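> This structure is in structure tokens; I'll ask about it shortly.
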There are 2 protein chains.
Amino acid sequence: MSASSIRARVRAEMIDEIKAVARRHLATDGANLSLRAVARDMGMVSSAIYRYFPSRDELLTALIIEAYDALGSAVEAADADRDRADLRGRWHAVCRAARGWGLAHPAEYALLYGSPVPGYAAPDATIGPAQRPPLTLIGILRDGFAAGRIEPPPATEPAGPLRADLAELAAQLGGGLPEALLARGMAGWTQLFGLISFELFGRINRALPHRDHYFDHQIALMADLIGLPRPA
Amino acid sequence: MSASSIRARVRAEMIDEIKAVARRHLATDGANLSLRAVARDMGMVSSAIYRYFPSRDELLTALIIEAYDALGSAVEAADADRDRADLRGRWHAVCRAARGWGLAHPAEYALLYGSPVPGYAAPDATIGPAQRPPLTLIGILRDGFAAGRIEPPPATEPAGPLRADLAELAAQLGGGLPEALLARGMAGWTQLFGLISFELFGRINRALPHRDHYFDHQIALMADLIGLPRPA
DNA sequence: GCCGCGTCAAGAGCAGTGCTCTCGATTTTG
DNA sequence: CAAAATCGAGAGCACTGCTCTTGACGCGGC
């Protein structure tokens, strides 16, 4: 009973096709995609969609989770392709992979990291996949710290209640990351998100035509701030 | 003829009231606000709104411009309140003002910096107000550079075509900013945007309850990277 | 084999949306 | 004062998400 026979399989295929068509509409309609339009494209009637997704929000949620997983996989694959000891290479590879995925799937990126839809509350199923990119970055820091190969330049140190917060967060993440290093890693993740968002949402300065170079440089700045060893 | 008499004045008042009501709806409905709902709240019929705004997008544009101006004014006021020579104080004041405005007006912030509405193309009238916050930050760098009081820590230097792009952009901005400094300033602006967005859009780590401290620290990190003189 | 059960697509329908047009009423203008 | 411009209301169109009902189909048990 590898397949609960025909019905279950066509159902799975239908769900996949609905998601594929919806993903296509997402590219043009953005977050406000029309169930009816999706149904029309499939030669169905709108009410038939509800056999597979209880609401439009549920369809969006499915797309969001898939997008998070796609981004996470791309990022983790880029990381895995690099020599574990090449910390800076991994940092750049991960950041470039995230940017590349965003440029290739702008609508899905906007769905993930754009303004939240007012009535829509992200289900718990999304928080896991959503953390894969930042956790990949943190993993690089963890490896570097464990190897004693991170040389952070002098800068403001976290203090007071923030230090305690960071310590607790570091404990949850494991690896014994110092508070200051964790904060700088989060700055790197924030910078990465900001860079991609600015570029995708059209607020990057048009006076910078060489966006690849700009991105690489800004990412390198954050790697410097973190203290990833610079290439010889 | 200070007033083209009654009609012109009530028209202006109507426009203001429509924007005020729409702003209120924005807080709950987000970007997809309903013209009809706004009209209902004003005891009018939806078609009457079209006497004042030719379309929903035009209403949104008006709100966007007002929001940009409000944010820009808040940011510039925070900058002006500080001693011109207190570069780091100005940096923090500007960043805090931006964050404060965003926290106070999350829906409007999302309208400005969230994912762009698919069919909506930002009119030219928005690009001027939109640049006020980053230009304020750049102004701090300009003042600091002119006074020779910026001591950037060693880090990756922009090179190749990026350096030329940055030089051209710096020339447009005036003040003779070095390429590397401009790039770091843009990193600061990117970080600021990312910090506020993460916090507003709910992706800040719940393990960091002291968000004010976190924000201040991350902003200080960027000030360090830029080379703003540290307090004694 | 066949029959009841569960699943499915289709259609009608409801409330809501942006937007257009027309029609009287009011105000401004010549 | 009359002509012209402006205004609010209402009807209407095409669209949306979603619900409910109806009839057709595949499924597992007898």
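Residue numbering restarts at 1 in every chain; chains get A, B, ... in the order shown in the structure tokens, and ligands count up from 1 in that same order.
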Can you work out which residues from chain B touch chain A at a cut-off of 8 Å (counting only C-alpha atoms) and hand them back as a PyMOL selection string?
chain B and resi 28-30+110-111+113-119+155-158+161-162+165-166+168-169+183-184+187+190-191+193-195+198+201+207-210+213-214+217-218+220-221+224-225
> Please, which residues of chain B lie no more than 12 Å from chain C when the count uses only C-alpha atoms (C1' of nucleotides), and can they be set out as an MDAnalysis selection string?
chainID B and resid 4:8 10 32:37 46:50 53:57
> Enumerate as number ranges by chain all residues of segment 111-151 of chain A assigned to alpha helix (DSSP H) by DSSP on the backbone, naming them with the chain letters and numbers the document uses.
A: 111-113, 127-130, 132-146
> Report as JSON lines: every residue of chain D with an atom at most 12 Å from chain A, its closest pair of atoms, and their distance in Å to one decimal, counting only C-alpha atoms (C1' of nucleotides), with rows sorted by chain and ascending residue number.

```
{"residue": "D:DC15", "atom": "C1'", "partner": "A:Arg36", "partner_atom": "CA", "distance": 9.6}
{"residue": "D:DT16", "atom": "C1'", "partner": "A:Ser34", "partner_atom": "CA", "distance": 7.3}
{"residue": "D:DG17", "atom": "C1'", "partner": "A:Arg56", "partner_atom": "CA", "distance": 7.7}
{"residue": "D:DC18", "atom": "C1'", "partner": "A:Ser55", "partner_atom": "CA", "distance": 8.1}
{"residue": "D:DT19", "atom": "C1'", "partner": "A:Ser47", "partner_atom": "CA", "distance": 9.0}
{"residue": "D:DC20", "atom": "C1'", "partner": "A:Ser47", "partner_atom": "CA", "distance": 10.4}
{"residue": "D:DC25", "atom": "C1'", "partner": "A:Arg7", "partner_atom": "CA", "distance": 10.5}
{"residue": "D:DG26", "atom": "C1'", "partner": "A:Arg7", "partner_atom": "CA", "distance": 7.2}
{"residue": "D:DC27", "atom": "C1'", "partner": "A:Arg7", "partner_atom": "CA", "distance": 8.5}
{"residue": "D:DG28", "atom": "C1'", "partner": "A:Ser4", "partner_atom": "CA", "distance": 11.4}
```
> Report, in Å with one decimal, the straight-line distance from atom CA of Leu177 of chain B to atom CA of Arg84 of chain B.
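Straight-line distance from atom CA of Leu177 of chain B to atom CA of Arg84 of chain B works out to 17.7 Å.
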